[in-house]
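Asker: Following this message is one structure expressed as structure tokens.
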Amino acid sequence: MGEYFEYFVSRIDAPQLDKVDITFFDQPVFNTPQLHDFLACIEKFKAHGRGSVVIWGHNIEFELELGPLLFKLGILCKGLGQQVPSIAQLCSSSLHLPSTLKCLDIREAPLAHLPDWQDKAENTQWLDLLHPFTGLVDLHLGK
Amino acid sequence: MLHYALALRELAGERVTKVLPTLQNLFIEGLEPSGPIQEALGQFVAARQLSGLPVVIHRWDGRS
């Protein structure tokens, strides 16, 4: 699956894209050099914008608003204990933006349902998520 | 519960200058007068101040 995804992305040449929405199921592909190159070619990706980590319960999403460009990277799997490390690794390995992003929100989606049985992410896992954002000036933590 | 805010107290240690080195403002939604979140934020703010990387805490309405 990882090879197919990388091959598929390598065949796309669309520097004027306005929306990119990628969702991984259960086992994200972390070694994604083609995805990194694909995103690096999108001109709008080079702008400074606002990022959000949105917790939905059944999935977690990293969203970027860069002017007209909306970028979403999601992971659909059970439990924050798996979701947070996975999105952290994808953000640091596939995106070049975290180091230039100035503003980041972390929040639960308005209708998110986080059952008691859902395992929580460890504190260190949340810090691993924040670690690539070395240029962050404003951090918003929502309910 | 802002469980992810509790992670900030881990930054009161030696990682305080390694994670979010340029952070200046921390906006918190639904900030209560006291509790574990406030304790974590207090430790984080104090550590940042001592490290010469001060952070200002703001209340956030969750929209702007």
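Identifiers in the structure tokens: chain A, B, ... in order shown; residue index from 1 per chain; ligand index from 1 in order shown.
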Just list the residues in chain A DSSP gives alpha helix (DSSP H) on the backbone, as a ChimeraX atom specification.

Answerer: /A:2-10,33-40,80-94,123-130

Asker: The selected residues should be written to file as a compact mmCIF listing (two decimals), in the first residue's frame (atoms: N, CA and C atoms).

Answerer:
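Final file, out33.txt:
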```txt
# COMPACT_ATOMS: atom_id res chain seq x y z
N GLY A 2 1.94 1.22 0.78
CA GLY A 2 2.83 2.36 0.85
C GLY A 2 3.49 2.63 -0.49
N GLU A 3 3.91 1.57 -1.16
CA GLU A 3 4.55 1.74 -2.47
C GLU A 3 3.56 2.31 -3.48
N TYR A 4 2.31 1.83 -3.45
CA TYR A 4 1.30 2.31 -4.37
C TYR A 4 1.03 3.80 -4.13
N PHE A 5 0.91 4.17 -2.86
CA PHE A 5 0.65 5.57 -2.51
C PHE A 5 1.78 6.46 -3.01
N GLU A 6 3.00 6.04 -2.76
CA GLU A 6 4.15 6.84 -3.19
C GLU A 6 4.21 6.95 -4.71
N TYR A 7 3.93 5.83 -5.40
CA TYR A 7 3.94 5.86 -6.86
C TYR A 7 2.84 6.78 -7.37
N PHE A 8 1.65 6.68 -6.77
CA PHE A 8 0.50 7.51 -7.19
C PHE A 8 0.84 9.00 -7.03
N VAL A 9 1.38 9.35 -5.88
CA VAL A 9 1.69 10.76 -5.61
C VAL A 9 2.78 11.27 -6.57
N SER A 10 3.71 10.39 -6.90
CA SER A 10 4.82 10.81 -7.77
C SER A 10 4.34 11.15 -9.18
N PRO A 33 8.90 9.97 0.89
CA PRO A 33 9.67 11.02 0.21
C PRO A 33 8.93 11.62 -0.97
N GLN A 34 8.12 10.81 -1.68
CA GLN A 34 7.37 11.34 -2.83
C GLN A 34 6.29 12.31 -2.37
N LEU A 35 5.64 12.00 -1.24
CA LEU A 35 4.63 12.92 -0.71
C LEU A 35 5.29 14.23 -0.31
N HIS A 36 6.44 14.14 0.31
CA HIS A 36 7.18 15.35 0.69
C HIS A 36 7.49 16.19 -0.54
N ASP A 37 7.96 15.55 -1.61
CA ASP A 37 8.31 16.28 -2.83
C ASP A 37 7.06 16.86 -3.49
N PHE A 38 5.97 16.08 -3.48
CA PHE A 38 4.71 16.52 -4.07
C PHE A 38 4.22 17.79 -3.37
N LEU A 39 4.25 17.80 -2.05
CA LEU A 39 3.77 18.96 -1.29
C LEU A 39 4.72 20.15 -1.47
N ALA A 40 6.00 19.86 -1.59
CA ALA A 40 6.98 20.94 -1.74
C ALA A 40 6.80 21.68 -3.06
N LEU A 80 -6.30 7.78 21.06
CA LEU A 80 -5.31 8.85 20.94
C LEU A 80 -3.89 8.34 21.13
N GLY A 81 -3.74 7.25 21.88
CA GLY A 81 -2.43 6.68 22.11
C GLY A 81 -1.75 6.25 20.83
N GLN A 82 -2.54 5.90 19.81
CA GLN A 82 -1.98 5.59 18.49
C GLN A 82 -2.01 6.79 17.56
N GLN A 83 -3.06 7.59 17.69
CA GLN A 83 -3.26 8.69 16.75
C GLN A 83 -2.18 9.78 16.90
N VAL A 84 -1.91 10.18 18.14
CA VAL A 84 -0.99 11.30 18.35
C VAL A 84 0.43 10.98 17.88
N PRO A 85 1.01 9.83 18.24
CA PRO A 85 2.36 9.53 17.72
C PRO A 85 2.39 9.43 16.20
N SER A 86 1.31 8.90 15.61
CA SER A 86 1.29 8.74 14.15
C SER A 86 1.24 10.10 13.45
N ILE A 87 0.37 10.99 13.91
CA ILE A 87 0.28 12.30 13.26
C ILE A 87 1.57 13.10 13.51
N ALA A 88 2.19 12.89 14.67
CA ALA A 88 3.45 13.57 14.97
C ALA A 88 4.53 13.12 13.99
N GLN A 89 4.60 11.82 13.75
CA GLN A 89 5.63 11.31 12.85
C GLN A 89 5.39 11.74 11.41
N LEU A 90 4.12 11.76 11.00
CA LEU A 90 3.81 12.20 9.65
C LEU A 90 4.14 13.68 9.45
N CYS A 91 3.81 14.48 10.45
CA CYS A 91 4.08 15.92 10.35
C CYS A 91 5.58 16.18 10.22
N SER A 92 6.37 15.44 10.96
CA SER A 92 7.80 15.70 10.94
C SER A 92 8.50 15.09 9.74
N SER A 93 7.92 13.99 9.19
CA SER A 93 8.61 13.31 8.09
C SER A 93 8.11 13.73 6.72
N SER A 94 6.82 14.08 6.60
CA SER A 94 6.25 14.34 5.28
C SER A 94 6.10 15.80 4.96
N ASN A 123 1.86 12.29 27.94
CA ASN A 123 2.35 13.66 27.83
C ASN A 123 3.51 13.77 26.84
N THR A 124 4.40 12.79 26.90
CA THR A 124 5.57 12.86 26.01
C THR A 124 5.16 12.73 24.54
N GLN A 125 4.05 12.04 24.29
CA GLN A 125 3.58 11.91 22.91
C GLN A 125 3.06 13.25 22.39
N TRP A 126 2.39 14.01 23.26
CA TRP A 126 1.95 15.35 22.86
C TRP A 126 3.17 16.24 22.59
N LEU A 127 4.19 16.11 23.41
CA LEU A 127 5.39 16.93 23.20
C LEU A 127 6.10 16.55 21.91
N ASP A 128 6.08 15.27 21.57
CA ASP A 128 6.66 14.84 20.29
C ASP A 128 5.92 15.46 19.12
N LEU A 129 4.61 15.66 19.29
CA LEU A 129 3.82 16.30 18.25
C LEU A 129 4.24 17.77 18.10
N LEU A 130 4.51 18.43 19.22
CA LEU A 130 4.86 19.85 19.19
C LEU A 130 6.30 20.09 18.74
```

Asker: Can you pull out every residue within 12 Å of Thr17 (chain B), counting only C-alpha atoms, but drop anything in the same chain fewer than 5 positions away, and send it as a short mmCIF file (atom, residue, chain, number, x, y, z; two decimals) with C-alpha atoms, in the first residue's frame?

Answerer:
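File out36.cif, as written:
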```cif
data_model
loop_
_atom_site.label_atom_id
_atom_site.label_comp_id
_atom_site.auth_asym_id
_atom_site.auth_seq_id
_atom_site.Cartn_x
_atom_site.Cartn_y
_atom_site.Cartn_z
CA HIS A 131 8.58 19.28 18.71
CA THR A 134 10.23 25.14 16.05
CA GLU B 10 6.83 18.14 31.16
CA LEU B 11 8.51 21.18 29.61
CA ALA B 12 9.35 22.59 33.00
CA THR B 22 10.05 30.71 19.85
CA LEU B 23 6.66 30.43 21.58
CA PHE B 44 5.62 25.87 32.43
CA ALA B 47 10.39 27.53 33.73
CA ARG B 48 10.18 29.59 30.56
CA GLN B 49 10.72 32.79 32.52
CA LEU B 50 13.81 31.35 34.19
CA SER B 51 15.14 30.24 30.83
CA GLY B 52 14.77 33.69 29.31
CA LEU B 53 11.97 32.57 26.98
CA PRO B 54 8.88 34.10 28.61
CA VAL B 55 5.39 33.06 27.56
#
```

Asker: Counting only C-alpha atoms, which residues of chain B come no farther than 8 Å from chain A, as a PyMOL selection string?

Answerer: chain B and resi 1-2+4-8+10+18-30+60+62

Asker: Near Ile75 (chain A), counting only C-alpha atoms, which residues have an atom at most 8 Å away, once you skip same-chain residues fewer than 3 positions from it, shown as a list in words?

Answerer: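 The residues satisfying every condition are Thr23, Phe24, Phe25, Asp26, Pro28, Asn59, Ile60, Glu61, Gln83, Ser86 and Ile87 of chain A.
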